[in-house]
file data.cif (mmCIF, C-alpha atoms)
data_start
#
loop_
_atom_site.group_PDB
_atom_site.id
_atom_site.type_symbol
_atom_site.label_atom_id
_atom_site.label_comp_id
_atom_site.auth_asym_id
_atom_site.auth_seq_id
_atom_site.Cartn_x
_atom_site.Cartn_y
_atom_site.Cartn_z
ATOM 1 C CA MET A 1 119.333 91.631 107.174
ATOM 2 C CA LYS A 2 118.619 92.530 103.554
ATOM 3 C CA CYS A 3 119.593 95.955 102.328
ATOM 4 C CA ILE A 4 120.493 98.048 99.317
ATOM 5 C CA GLN A 5 124.101 99.259 99.159
ATOM 6 C CA TYR A 6 126.404 101.319 96.978
ATOM 7 C CA SER A 7 130.134 102.046 97.118
ATOM 8 C CA ARG A 8 130.526 104.512 94.245
ATOM 9 C CA PHE A 9 128.571 107.318 92.658
ATOM 10 C CA GLY A 10 126.668 106.743 89.445
ATOM 11 C CA PRO A 11 123.292 105.882 87.884
ATOM 12 C CA ALA A 12 121.011 103.976 90.247
ATOM 13 C CA SER A 13 120.864 100.826 88.107
ATOM 14 C CA ASP A 14 124.676 100.737 87.926
ATOM 15 C CA VAL A 15 125.616 101.272 91.561
ATOM 16 C CA LEU A 16 122.739 100.042 93.766
ATOM 17 C CA SER A 17 122.811 96.357 94.687
ATOM 18 C CA LEU A 18 120.763 94.081 96.921
ATOM 19 C CA SER A 19 122.898 92.639 99.718
ATOM 20 C CA GLU A 20 122.606 90.644 102.908
ATOM 21 C CA ILE A 21 124.630 91.746 105.927
ATOM 22 C CA PRO A 22 124.502 90.953 109.684
ATOM 23 C CA THR A 23 121.661 92.588 111.579
ATOM 24 C CA PRO A 24 123.235 95.064 114.025
ATOM 25 C CA ASP A 25 122.695 95.099 117.781
ATOM 26 C CA PRO A 26 121.736 98.406 119.420
ATOM 27 C CA THR A 27 124.488 100.075 121.422
ATOM 28 C CA PRO A 28 123.727 102.147 124.553
ATOM 29 C CA GLY A 29 121.096 104.775 123.776
ATOM 30 C CA GLU A 30 120.079 103.095 120.503
ATOM 31 C CA VAL A 31 117.081 101.146 119.253
ATOM 32 C CA LEU A 32 116.837 98.498 116.556
ATOM 33 C CA VAL A 33 113.917 99.137 114.215
ATOM 34 C CA GLU A 34 112.496 96.476 111.932
ATOM 35 C CA LEU A 35 111.457 98.607 108.986
ATOM 36 C CA THR A 36 108.454 98.158 106.729
ATOM 37 C CA HIS A 37 108.922 101.184 104.459
ATOM 38 C CA SER A 38 111.743 103.477 103.368
ATOM 39 C CA GLY A 39 111.135 106.925 101.920
ATOM 40 C CA VAL A 40 113.086 107.982 98.820
ATOM 41 C CA ASN A 41 113.791 111.707 98.594
ATOM 42 C CA PRO A 42 115.555 113.919 96.044
ATOM 43 C CA SER A 43 118.390 114.347 98.556
ATOM 44 C CA ASP A 44 118.908 110.554 98.595
ATOM 45 C CA VAL A 45 119.101 110.542 94.804
ATOM 46 C CA LYS A 46 121.600 113.431 94.789
ATOM 47 C CA ALA A 47 123.750 111.728 97.430
ATOM 48 C CA ARG A 48 123.859 108.471 95.438
ATOM 49 C CA SER A 49 124.605 110.205 92.138
ATOM 50 C CA GLY A 50 127.378 112.399 93.579
ATOM 51 C CA ALA A 51 125.494 115.650 93.014
ATOM 52 C CA ARG A 52 126.042 117.165 96.467
ATOM 53 C CA PRO A 53 128.275 120.271 96.309
ATOM 54 C CA GLY A 54 131.917 119.626 97.170
ATOM 55 C CA VAL A 55 131.553 115.837 97.551
ATOM 56 C CA THR A 56 133.764 113.903 95.125
ATOM 57 C CA LYS A 57 133.532 110.377 96.553
ATOM 58 C CA PRO A 58 131.226 108.469 98.922
ATOM 59 C CA PRO A 59 132.019 109.263 102.560
ATOM 60 C CA PHE A 60 131.902 105.571 103.575
ATOM 61 C CA ASP A 61 133.104 102.344 101.923
ATOM 62 C CA GLN A 62 129.571 100.921 101.777
ATOM 63 C CA ILE A 63 126.423 103.010 102.092
ATOM 64 C CA VAL A 64 122.851 101.908 102.743
ATOM 65 C CA PRO A 65 120.884 104.908 101.419
ATOM 66 C CA HIS A 66 117.774 106.830 102.575
ATOM 67 C CA SER A 67 117.060 108.888 105.663
ATOM 68 C CA ASP A 68 113.321 108.298 106.112
ATOM 69 C CA GLY A 69 111.452 105.173 107.136
ATOM 70 C CA ALA A 70 108.925 103.541 109.435
ATOM 71 C CA GLY A 71 108.631 100.283 111.335
ATOM 72 C CA ARG A 72 108.631 98.843 114.861
ATOM 73 C CA ILE A 73 111.271 98.753 117.577
ATOM 74 C CA VAL A 74 112.413 95.158 118.127
ATOM 75 C CA ALA A 75 115.407 95.681 120.450
ATOM 76 C CA VAL A 76 116.730 98.424 122.710
ATOM 77 C CA GLY A 77 120.204 99.257 123.960
ATOM 78 C CA ASP A 78 121.256 100.046 127.509
ATOM 79 C CA GLY A 79 119.668 103.225 128.798
ATOM 80 C CA VAL A 80 116.554 102.926 126.635
ATOM 81 C CA ALA A 81 113.296 102.035 128.389
ATOM 82 C CA ASP A 82 112.033 98.508 127.736
ATOM 83 C CA THR A 83 108.598 100.044 127.213
ATOM 84 C CA ARG A 84 109.775 101.171 123.770
ATOM 85 C CA MET A 85 109.790 97.545 122.609
ATOM 86 C CA GLY A 86 107.099 97.040 119.967
ATOM 87 C CA GLU A 87 106.481 100.752 119.364
ATOM 88 C CA GLN A 88 105.543 101.783 115.849
ATOM 89 C CA VAL A 89 107.937 104.589 114.903
ATOM 90 C CA TRP A 90 109.086 106.838 112.084
ATOM 91 C CA ILE A 91 112.710 107.717 111.395
ATOM 92 C CA TRP A 92 114.501 111.018 110.771
ATOM 93 C CA ASN A 93 118.135 111.509 109.633
ATOM 94 C CA GLY A 94 118.545 107.765 109.184
ATOM 95 C CA GLN A 95 121.535 108.094 106.853
ATOM 96 C CA TRP A 96 122.683 111.621 107.661
ATOM 97 C CA GLN A 97 126.442 111.453 108.344
ATOM 98 C CA ARG A 98 126.090 107.701 108.916
ATOM 99 C CA PRO A 99 126.757 104.779 106.538
ATOM 100 C CA PHE A 100 123.561 102.803 107.152
ATOM 101 C CA GLY A 101 120.157 104.237 106.251
ATOM 102 C CA THR A 102 116.639 102.910 105.857
ATOM 103 C CA ALA A 103 116.882 101.009 102.531
ATOM 104 C CA SER A 104 117.094 97.846 104.622
ATOM 105 C CA THR A 105 114.982 95.511 106.716
ATOM 106 C CA HIS A 106 116.533 96.879 109.947
ATOM 107 C CA ILE A 107 118.291 99.970 111.231
ATOM 108 C CA CYS A 108 120.033 100.834 114.510
ATOM 109 C CA LEU A 109 120.058 104.495 115.468
ATOM 110 C CA PRO A 110 119.766 106.803 118.500
ATOM 111 C CA SER A 111 116.474 106.343 120.321
ATOM 112 C CA ASN A 112 115.334 109.948 119.785
ATOM 113 C CA GLN A 113 115.546 109.480 115.993
ATOM 114 C CA ALA A 114 112.777 106.867 116.196
ATOM 115 C CA VAL A 115 109.641 108.917 116.882
ATOM 116 C CA PRO A 116 106.494 107.185 118.154
ATOM 117 C CA LEU A 117 103.793 106.863 115.478
ATOM 118 C CA PRO A 118 100.227 106.209 116.655
ATOM 119 C CA ASP A 119 98.967 102.786 115.576
ATOM 120 C CA SER A 120 96.066 104.530 113.851
ATOM 121 C CA ILE A 121 98.524 106.064 111.369
ATOM 122 C CA GLY A 122 100.013 103.726 108.786
ATOM 123 C CA PRO A 123 103.748 103.196 108.253
ATOM 124 C CA GLU A 124 103.451 104.536 104.706
ATOM 125 C CA THR A 125 102.627 107.919 106.246
ATOM 126 C CA GLY A 126 105.437 107.515 108.764
ATOM 127 C CA ALA A 127 107.964 107.017 105.969
ATOM 128 C CA VAL A 128 107.073 110.469 104.576
ATOM 129 C CA LEU A 129 107.426 112.435 107.813
ATOM 130 C CA GLY A 130 111.223 112.681 108.051
ATOM 131 C CA ILE A 131 112.410 114.981 105.263
ATOM 132 C CA PRO A 132 109.166 116.062 103.533
ATOM 133 C CA GLY A 133 107.062 116.295 106.705
ATOM 134 C CA LEU A 134 109.583 118.114 108.869
ATOM 135 C CA THR A 135 110.545 120.427 106.009
ATOM 136 C CA ALA A 136 106.923 121.375 105.407
ATOM 137 C CA ALA A 137 106.156 121.848 109.091
ATOM 138 C CA HIS A 138 109.203 124.010 109.756
ATOM 139 C CA ALA A 139 108.773 126.010 106.543
ATOM 140 C CA VAL A 140 105.155 126.789 107.409
ATOM 141 C CA PHE A 141 105.377 127.310 111.184
ATOM 142 C CA GLY A 142 109.039 128.194 111.726
ATOM 143 C CA GLY A 143 108.218 131.899 111.929
ATOM 144 C CA GLY A 144 105.404 131.502 114.434
ATOM 145 C CA ASP A 145 101.617 131.775 114.212
ATOM 146 C CA ILE A 146 100.275 131.975 110.642
ATOM 147 C CA SER A 147 96.572 132.367 111.352
ATOM 148 C CA GLU A 148 94.896 134.979 109.138
ATOM 149 C CA GLN A 149 98.092 135.429 107.110
ATOM 150 C CA THR A 150 98.501 134.681 103.397
ATOM 151 C CA LEU A 151 101.157 132.139 102.442
ATOM 152 C CA LEU A 152 102.465 131.554 98.947
ATOM 153 C CA ILE A 153 103.595 127.960 98.422
ATOM 154 C CA GLN A 154 105.729 127.700 95.301
ATOM 155 C CA GLY A 155 105.612 124.143 93.972
ATOM 156 C CA GLY A 156 102.424 123.220 95.779
ATOM 157 C CA ALA A 157 102.097 119.810 94.105
ATOM 158 C CA GLY A 158 105.430 118.323 95.193
ATOM 159 C CA THR A 159 105.566 116.137 98.298
ATOM 160 C CA VAL A 160 106.693 118.996 100.557
ATOM 161 C CA GLY A 161 104.342 121.396 98.805
ATOM 162 C CA LEU A 162 101.254 119.225 99.276
ATOM 163 C CA LEU A 163 102.060 118.781 102.965
ATOM 164 C CA ALA A 164 102.744 122.510 103.340
ATOM 165 C CA VAL A 165 99.401 123.409 101.757
ATOM 166 C CA GLN A 166 97.542 121.168 104.210
ATOM 167 C CA LEU A 167 99.511 122.377 107.238
ATOM 168 C CA ALA A 168 99.060 126.025 106.307
ATOM 169 C CA LYS A 169 95.293 125.612 105.934
ATOM 170 C CA TRP A 170 95.142 123.733 109.244
ATOM 171 C CA GLY A 171 97.114 126.612 110.788
ATOM 172 C CA GLY A 172 94.494 129.126 109.694
ATOM 173 C CA ALA A 173 96.247 130.756 106.735
ATOM 174 C CA LYS A 174 94.988 131.674 103.301
ATOM 175 C CA VAL A 175 97.033 129.649 100.802
ATOM 176 C CA ILE A 176 98.055 130.578 97.282
ATOM 177 C CA ALA A 177 99.925 127.721 95.595
ATOM 178 C CA THR A 178 101.718 127.405 92.274
ATOM 179 C CA ALA A 179 101.933 124.249 90.184
ATOM 180 C CA ARG A 180 101.497 123.065 86.614
ATOM 181 C CA GLY A 181 99.574 120.415 84.688
ATOM 182 C CA ASP A 182 97.878 117.843 86.907
ATOM 183 C CA GLY A 183 99.599 119.470 89.875
ATOM 184 C CA LEU A 184 97.130 122.339 89.690
ATOM 185 C CA PHE A 185 94.331 119.940 90.605
ATOM 186 C CA GLU A 186 96.420 118.172 93.261
ATOM 187 C CA ALA A 187 97.260 121.437 95.050
ATOM 188 C CA GLU A 188 93.618 122.495 94.943
ATOM 189 C CA LYS A 189 92.545 119.098 96.306
ATOM 190 C CA ALA A 190 95.066 119.533 99.156
ATOM 191 C CA GLY A 191 93.179 122.677 100.184
ATOM 192 C CA ALA A 192 94.843 125.649 98.506
ATOM 193 C CA ASP A 193 92.474 128.608 98.187
ATOM 194 C CA VAL A 194 93.999 129.665 94.873
ATOM 195 C CA VAL A 195 96.241 127.651 92.528
ATOM 196 C CA LEU A 196 98.198 129.380 89.760
ATOM 197 C CA ASN A 197 100.351 128.129 86.906
ATOM 198 C CA TYR A 198 103.951 128.895 87.839
ATOM 199 C CA ALA A 199 104.869 129.250 84.152
ATOM 200 C CA ASP A 200 102.479 132.195 83.718
ATOM 201 C CA PRO A 201 104.517 135.229 82.557
ATOM 202 C CA ASP A 202 102.225 137.464 84.635
ATOM 203 C CA LEU A 203 102.481 135.308 87.747
ATOM 204 C CA SER A 204 103.382 138.175 90.096
ATOM 205 C CA GLN A 205 100.307 140.172 89.143
ATOM 206 C CA HIS A 206 98.051 137.133 89.496
ATOM 207 C CA ILE A 207 99.431 136.314 92.943
ATOM 208 C CA LEU A 208 98.774 139.858 94.147
ATOM 209 C CA ALA A 209 95.311 139.887 92.561
ATOM 210 C CA ALA A 210 94.474 136.596 94.292
ATOM 211 C CA ASN A 211 95.228 138.297 97.606
ATOM 212 C CA GLY A 212 93.153 141.398 96.990
ATOM 213 C CA ASP A 213 96.122 143.287 95.507
ATOM 214 C CA ALA A 214 97.988 142.842 98.810
ATOM 215 C CA PRO A 215 101.424 141.211 99.229
ATOM 216 C CA VAL A 216 101.904 137.860 100.986
ATOM 217 C CA SER A 217 103.551 137.553 104.368
ATOM 218 C CA ARG A 218 105.406 134.241 103.961
ATOM 219 C CA ILE A 219 106.628 132.264 100.956
ATOM 220 C CA ILE A 220 107.489 128.548 101.009
ATOM 221 C CA GLU A 221 109.994 128.164 98.178
ATOM 222 C CA VAL A 222 111.120 125.037 96.320
ATOM 223 C CA GLU A 223 113.067 126.802 93.522
ATOM 224 C CA PHE A 224 114.631 129.844 95.146
ATOM 225 C CA GLY A 225 116.960 130.762 92.285
ATOM 226 C CA LEU A 226 114.307 130.607 89.575
ATOM 227 C CA ASN A 227 111.561 132.317 91.565
ATOM 228 C CA ILE A 228 113.364 134.993 93.568
ATOM 229 C CA SER A 229 112.281 137.855 91.283
ATOM 230 C CA THR A 230 108.625 136.847 91.590
ATOM 231 C CA ASP A 231 109.033 136.344 95.326
ATOM 232 C CA ALA A 232 110.564 139.809 95.699
ATOM 233 C CA ASP A 233 107.627 141.293 93.793
ATOM 234 C CA VAL A 234 104.923 139.759 95.973
ATOM 235 C CA ILE A 235 106.444 139.523 99.472
ATOM 236 C CA ALA A 236 105.183 141.936 102.115
ATOM 237 C CA PRO A 237 107.469 144.268 104.091
ATOM 238 C CA ASN A 238 109.175 142.281 106.876
ATOM 239 C CA GLY A 239 108.023 139.084 105.196
ATOM 240 C CA THR A 240 109.958 135.818 105.053
ATOM 241 C CA ILE A 241 110.985 133.564 102.184
ATOM 242 C CA ALA A 242 111.496 130.066 103.618
ATOM 243 C CA ALA A 243 113.546 128.330 100.920
ATOM 244 C CA TYR A 244 114.197 124.591 101.038
ATOM 245 C CA GLY A 245 115.343 124.087 97.442
ATOM 246 C CA SER A 246 116.996 125.689 94.425
ATOM 247 C CA ALA A 247 117.944 122.695 92.305
ATOM 248 C CA LYS A 248 117.551 124.435 88.936
ATOM 249 C CA GLU A 249 119.641 127.485 89.880
ATOM 250 C CA MET A 250 122.182 126.852 92.613
ATOM 251 C CA ALA A 251 123.964 130.199 92.149
ATOM 252 C CA PRO A 252 121.076 132.679 92.105
ATOM 253 C CA THR A 253 121.341 136.397 91.465
ATOM 254 C CA LEU A 254 119.342 138.288 94.075
ATOM 255 C CA PRO A 255 117.336 141.484 93.446
ATOM 256 C CA PHE A 256 118.882 143.013 96.549
ATOM 257 C CA GLY A 257 117.219 146.412 96.269
ATOM 258 C CA PRO A 258 113.606 145.171 96.365
ATOM 259 C CA LEU A 259 114.490 142.718 99.133
ATOM 260 C CA LEU A 260 116.320 145.403 101.110
ATOM 261 C CA PHE A 261 113.551 147.968 101.000
ATOM 262 C CA LYS A 262 111.050 145.408 102.202
ATOM 263 C CA ALA A 263 113.443 144.154 104.918
ATOM 264 C CA VAL A 264 112.804 140.590 103.701
ATOM 265 C CA THR A 265 114.154 137.655 105.693
ATOM 266 C CA VAL A 266 115.552 134.830 103.556
ATOM 267 C CA ASP A 267 115.431 131.673 105.668
ATOM 268 C CA ILE A 268 117.335 128.814 104.002
ATOM 269 C CA LEU A 269 116.241 125.470 105.436
ATOM 270 C CA LEU A 270 118.291 122.292 105.670
ATOM 271 C CA ILE A 271 116.164 119.959 107.716
ATOM 272 C CA TYR A 272 119.113 117.678 108.568
ATOM 273 C CA LEU A 273 120.615 120.469 110.693
ATOM 274 C CA LEU A 274 117.449 121.652 112.417
ATOM 275 C CA PRO A 275 118.194 122.499 116.093
ATOM 276 C CA LYS A 276 116.501 120.274 118.656
ATOM 277 C CA ASP A 277 113.950 122.817 119.859
ATOM 278 C CA GLN A 278 112.865 123.601 116.315
ATOM 279 C CA ARG A 279 112.753 119.931 115.355
ATOM 280 C CA ASP A 280 110.686 119.124 118.445
ATOM 281 C CA ALA A 281 108.275 121.922 117.513
ATOM 282 C CA ALA A 282 107.944 120.620 113.948
ATOM 283 C CA ILE A 283 107.381 117.052 115.207
ATOM 284 C CA ALA A 284 104.654 118.336 117.545
ATOM 285 C CA LYS A 285 102.929 120.161 114.659
ATOM 286 C CA LEU A 286 102.990 117.017 112.524
ATOM 287 C CA TYR A 287 101.596 114.916 115.363
ATOM 288 C CA ASP A 288 98.800 117.390 116.107
ATOM 289 C CA ALA A 289 97.839 117.713 112.430
ATOM 290 C CA LEU A 290 97.867 113.943 111.921
ATOM 291 C CA THR A 291 95.770 113.213 115.003
ATOM 292 C CA ALA A 292 93.331 115.964 113.963
ATOM 293 C CA ASN A 293 92.951 114.223 110.560
ATOM 294 C CA ALA A 294 94.162 117.445 108.957
ATOM 295 C CA LEU A 295 97.143 115.914 107.155
ATOM 296 C CA SER A 296 97.418 113.120 104.628
ATOM 297 C CA CYS A 297 100.689 112.088 103.026
ATOM 298 C CA PRO A 298 100.092 111.212 99.369
ATOM 299 C CA ILE A 299 102.059 108.259 97.984
ATOM 300 C CA ALA A 300 102.794 108.350 94.254
ATOM 301 C CA GLN A 301 104.566 104.985 93.866
ATOM 302 C CA THR A 302 105.795 102.079 95.989
ATOM 303 C CA PHE A 303 108.543 99.667 94.922
ATOM 304 C CA PRO A 304 109.892 96.446 96.484
ATOM 305 C CA LEU A 305 113.352 96.586 98.011
ATOM 306 C CA ALA A 306 114.919 94.775 95.054
ATOM 307 C CA GLN A 307 113.656 97.561 92.758
ATOM 308 C CA THR A 308 115.121 100.470 94.721
ATOM 309 C CA ALA A 309 116.984 101.613 91.597
ATOM 310 C CA ALA A 310 113.627 102.070 89.847
ATOM 311 C CA ALA A 311 112.419 104.082 92.851
ATOM 312 C CA HIS A 312 115.451 106.371 92.499
ATOM 313 C CA ASP A 313 114.707 106.769 88.788
ATOM 314 C CA ALA A 314 111.105 107.708 89.593
ATOM 315 C CA VAL A 315 112.234 110.411 92.019
ATOM 316 C CA GLU A 316 114.811 111.695 89.549
ATOM 317 C CA ALA A 317 112.201 111.902 86.786
ATOM 318 C CA GLY A 318 109.929 114.095 88.928
ATOM 319 C CA ASN A 319 106.478 115.017 87.605
ATOM 320 C CA ARG A 320 104.624 113.181 90.353
ATOM 321 C CA ALA A 321 102.209 114.256 93.071
ATOM 322 C CA GLY A 322 103.302 112.449 96.212
ATOM 323 C CA ALA A 323 106.132 110.487 97.742
ATOM 324 C CA VAL A 324 108.048 107.467 96.456
ATOM 325 C CA LEU A 325 108.473 104.585 98.903
ATOM 326 C CA VAL A 326 110.322 101.299 99.056
ATOM 327 C CA GLU A 327 108.535 98.429 100.807
ATOM 328 C CA VAL A 328 111.472 96.745 102.482
ATOM 329 C CA GLN A 329 109.784 93.588 103.851
ATOM 330 C CA SER A 330 108.269 92.427 100.549
#
call {"tool": "encode", "arguments": {"input": "data.cif", "output": "structure tokens"}}
result
Amino acid sequence: MKCIQYSRFGPASDVLSLSEIPTPDPTPGEVLVELTHSGVNPSDVKARSGARPGVTKPPFDQIVPHSDGAGRIVAVGDGVADTRMGEQVWIWNGQWQRPFGTASTHICLPSNQAVPLPDSIGPETGAVLGIPGLTAAHAVFGGGDISEQTLLIQGGAGTVGLLAVQLAKWGGAKVIATARGDGLFEAEKAGADVVLNYADPDLSQHILAANGDAPVSRIIEVEFGLNISTDADVIAPNGTIAAYGSAKEMAPTLPFGPLLFKAVTVDILLIYLLPKDQRDAAIAKLYDALTANALSCPIAQTFPLAQTAAAHDAVEAGNRAGAVLVEVQS
């Protein structure tokens, strides 16, 4: 099979190489998926560059990157029903604590990590459901029913943010999103009721004004460290901040007093470690939203497998509305 590999940390163009290695056979409980697309996420870029906290060298001698992907099952191991043969599927945790991810033409992994994808939904969408889709679904619905609540989605034009806006509207919530530049239009197009510039010095007041001078019950947060003061200003008593990122300030200072006297819950999400019941619930939400035509997964750029380094550079550069994919069969 063809794949992208790296054995040391560094810039994408320096360390990623196109290789050909034997196609694996599924062991008991596994399936072999012939992939069409691989999703490239910020976490994949951080892992390849050596930016994960406390990690000084790659955990395996050779790594095929990326956790997300989509394709069809072409072989099954013992204990897996033959009826899974030919299923279109999407992948989660493809390279989490394993050496071989989805930047390849094939991947073997446990059967439950290959989730059926209706044939009416394209593999490009499937390749976005692993990290961005599950993060958005759990961030929005992880606290229960959101109907008739107001959600603030900070960073509403990123991949997770755009999915979260759509899911929150489908779930019956009023949505206030923040973005900047062209992202303001993208978040509005995704369905946000109000879109505000996150660089506005009076952002807190504008968020409250957009909600009739009332606080918001749940915040979906992409930059926890930078935005915690604003979040503390606008969150309702007993509200929740569901934070899935804090890349620009990894050691935040918390305004403990305002958070304390509102009894705020800070829910830090790492989708790789989501317990089975919560993951199953998030998968069900994604499936229901997709089959109800309430969710589209925007794709910003697609690269051939040989140009995976350029895909990493595109993710690292940011400033895009939608996901970055690698088409692995091209």
call {"tool": "closest_residue", "arguments": {"input": "data.cif", "among": "A:Ala103, A:Val33, A:Val175, A:Leu270", "to": "Gln307 of chain A", "atoms": "all atoms listed in the file"}}
result
A:Ala103
call {"tool": "atom_distance", "arguments": {"input": "data.cif", "atom1": "atom CA of Leu305 of chain A", "atom2": "atom CA of Ile4 of chain A"}}
result
7.4 Å
call {"tool": "resolve_selection", "arguments": {"input": "data.cif", "expression": "the PyMOL selection byres ((chain A and resi 135) around 12)", "output": "JSON list (two decimals) with C-alpha atoms, in the frame of the given file"}}
result
[["chain", "number", "residue", "atom", "x", "y", "z"],
["A", 41, "ASN", "CA", 113.79, 111.71, 98.59],
["A", 92, "TRP", "CA", 114.50, 111.02, 110.77],
["A", 128, "VAL", "CA", 107.07, 110.47, 104.58],
["A", 129, "LEU", "CA", 107.43, 112.44, 107.81],
["A", 130, "GLY", "CA", 111.22, 112.68, 108.05],
["A", 131, "ILE", "CA", 112.41, 114.98, 105.26],
["A", 132, "PRO", "CA", 109.17, 116.06, 103.53],
["A", 133, "GLY", "CA", 107.06, 116.30, 106.70],
["A", 134, "LEU", "CA", 109.58, 118.11, 108.87],
["A", 136, "ALA", "CA", 106.92, 121.38, 105.41],
["A", 137, "ALA", "CA", 106.16, 121.85, 109.09],
["A", 138, "HIS", "CA", 109.20, 124.01, 109.76],
["A", 139, "ALA", "CA", 108.77, 126.01, 106.54],
["A", 140, "VAL", "CA", 105.16, 126.79, 107.41],
["A", 141, "PHE", "CA", 105.38, 127.31, 111.18],
["A", 142, "GLY", "CA", 109.04, 128.19, 111.73],
["A", 159, "THR", "CA", 105.57, 116.14, 98.30],
["A", 160, "VAL", "CA", 106.69, 119.00, 100.56],
["A", 161, "GLY", "CA", 104.34, 121.40, 98.80],
["A", 162, "LEU", "CA", 101.25, 119.22, 99.28],
["A", 163, "LEU", "CA", 102.06, 118.78, 102.96],
["A", 164, "ALA", "CA", 102.74, 122.51, 103.34],
["A", 167, "LEU", "CA", 99.51, 122.38, 107.24],
["A", 220, "ILE", "CA", 107.49, 128.55, 101.01],
["A", 221, "GLU", "CA", 109.99, 128.16, 98.18],
["A", 222, "VAL", "CA", 111.12, 125.04, 96.32],
["A", 242, "ALA", "CA", 111.50, 130.07, 103.62],
["A", 243, "ALA", "CA", 113.55, 128.33, 100.92],
["A", 244, "TYR", "CA", 114.20, 124.59, 101.04],
["A", 245, "GLY", "CA", 115.34, 124.09, 97.44],
["A", 268, "ILE", "CA", 117.34, 128.81, 104.00],
["A", 269, "LEU", "CA", 116.24, 125.47, 105.44],
["A", 270, "LEU", "CA", 118.29, 122.29, 105.67],
["A", 271, "ILE", "CA", 116.16, 119.96, 107.72],
["A", 272, "TYR", "CA", 119.11, 117.68, 108.57],
["A", 273, "LEU", "CA", 120.62, 120.47, 110.69],
["A", 274, "LEU", "CA", 117.45, 121.65, 112.42],
["A", 278, "GLN", "CA", 112.86, 123.60, 116.32],
["A", 279, "ARG", "CA", 112.75, 119.93, 115.36],
["A", 281, "ALA", "CA", 108.28, 121.92, 117.51],
["A", 282, "ALA", "CA", 107.94, 120.62, 113.95],
["A", 283, "ILE", "CA", 107.38, 117.05, 115.21],
["A", 285, "LYS", "CA", 102.93, 120.16, 114.66],
["A", 286, "LEU", "CA", 102.99, 117.02, 112.52]]
call {"tool": "residues_near_point", "arguments": {"input": "data.cif", "point": "(109.3, 137.5, 99.6)", "cutoff": "10 Å", "atoms": "only C-alpha atoms", "output": "MDAnalysis selection string"}}
result
chainID A and resid 152 215:221 227:242 258:259 262:266
call {"tool": "resolve_selection", "arguments": {"input": "data.cif", "expression": "the PyMOL selection byres ((chain A and resi 80) around 12)", "output": "list in words"}}
result
Pro26, Thr27, Pro28, Gly29, Glu30, Val31, Leu32, Ile73, Ala75, Val76, Gly77, Asp78, Gly79, Ala81, Asp82, Thr83, Arg84, Met85, Leu109, Pro110, Ser111, Asn112 and Ala114 of chain A
call {"tool": "write_last_selection", "arguments": {"input": "data.cif", "atoms": "C-alpha atoms", "output": "short mmCIF file (atom, residue, chain, number, x, y, z; two decimals), in the frame of the given file"}}
result
data_model
loop_
_atom_site.label_atom_id
_atom_site.label_comp_id
_atom_site.auth_asym_id
_atom_site.auth_seq_id
_atom_site.Cartn_x
_atom_site.Cartn_y
_atom_site.Cartn_z
CA PRO A 26 121.74 98.41 119.42
CA THR A 27 124.49 100.08 121.42
CA PRO A 28 123.73 102.15 124.55
CA GLY A 29 121.10 104.78 123.78
CA GLU A 30 120.08 103.10 120.50
CA VAL A 31 117.08 101.15 119.25
CA LEU A 32 116.84 98.50 116.56
CA ILE A 73 111.27 98.75 117.58
CA ALA A 75 115.41 95.68 120.45
CA VAL A 76 116.73 98.42 122.71
CA GLY A 77 120.20 99.26 123.96
CA ASP A 78 121.26 100.05 127.51
CA GLY A 79 119.67 103.22 128.80
CA ALA A 81 113.30 102.04 128.39
CA ASP A 82 112.03 98.51 127.74
CA THR A 83 108.60 100.04 127.21
CA ARG A 84 109.78 101.17 123.77
CA MET A 85 109.79 97.54 122.61
CA LEU A 109 120.06 104.50 115.47
CA PRO A 110 119.77 106.80 118.50
CA SER A 111 116.47 106.34 120.32
CA ASN A 112 115.33 109.95 119.78
CA ALA A 114 112.78 106.87 116.20
#
call {"tool": "closest_residue", "arguments": {"input": "data.cif", "among": "A:Met1, A:Ile21, A:Cys108, A:Leu184", "to": "Gln62 of chain A", "atoms": "only C-alpha atoms"}}
result
A:Ile21
call {"tool": "closest_residue", "arguments": {"input": "data.cif", "among": "A:Pro59, A:Pro275, A:Gly172, A:Pro201", "to": "Arg98 of chain A", "atoms": "only C-alpha atoms"}}
result
A:Pro59
call {"tool": "closest_residue", "arguments": {"input": "data.cif", "among": "A:Arg320, A:Lys57, A:His206, A:Arg52", "to": "Asp182 of chain A", "atoms": "all atoms listed in the file"}}
result
A:Arg320
call {"tool": "atom_distance", "arguments": {"input": "data.cif", "atom1": "atom CA of Pro99 of chain A", "atom2": "atom CA of Gln301 of chain A"}}
result
25.6 Å
call {"tool": "closest_residue", "arguments": {"input": "data.cif", "among": "A:Leu295, A:Glu249, A:Arg8, A:Gly158", "to": "Pro42 of chain A", "atoms": "only C-alpha atoms"}}
result
A:Gly158
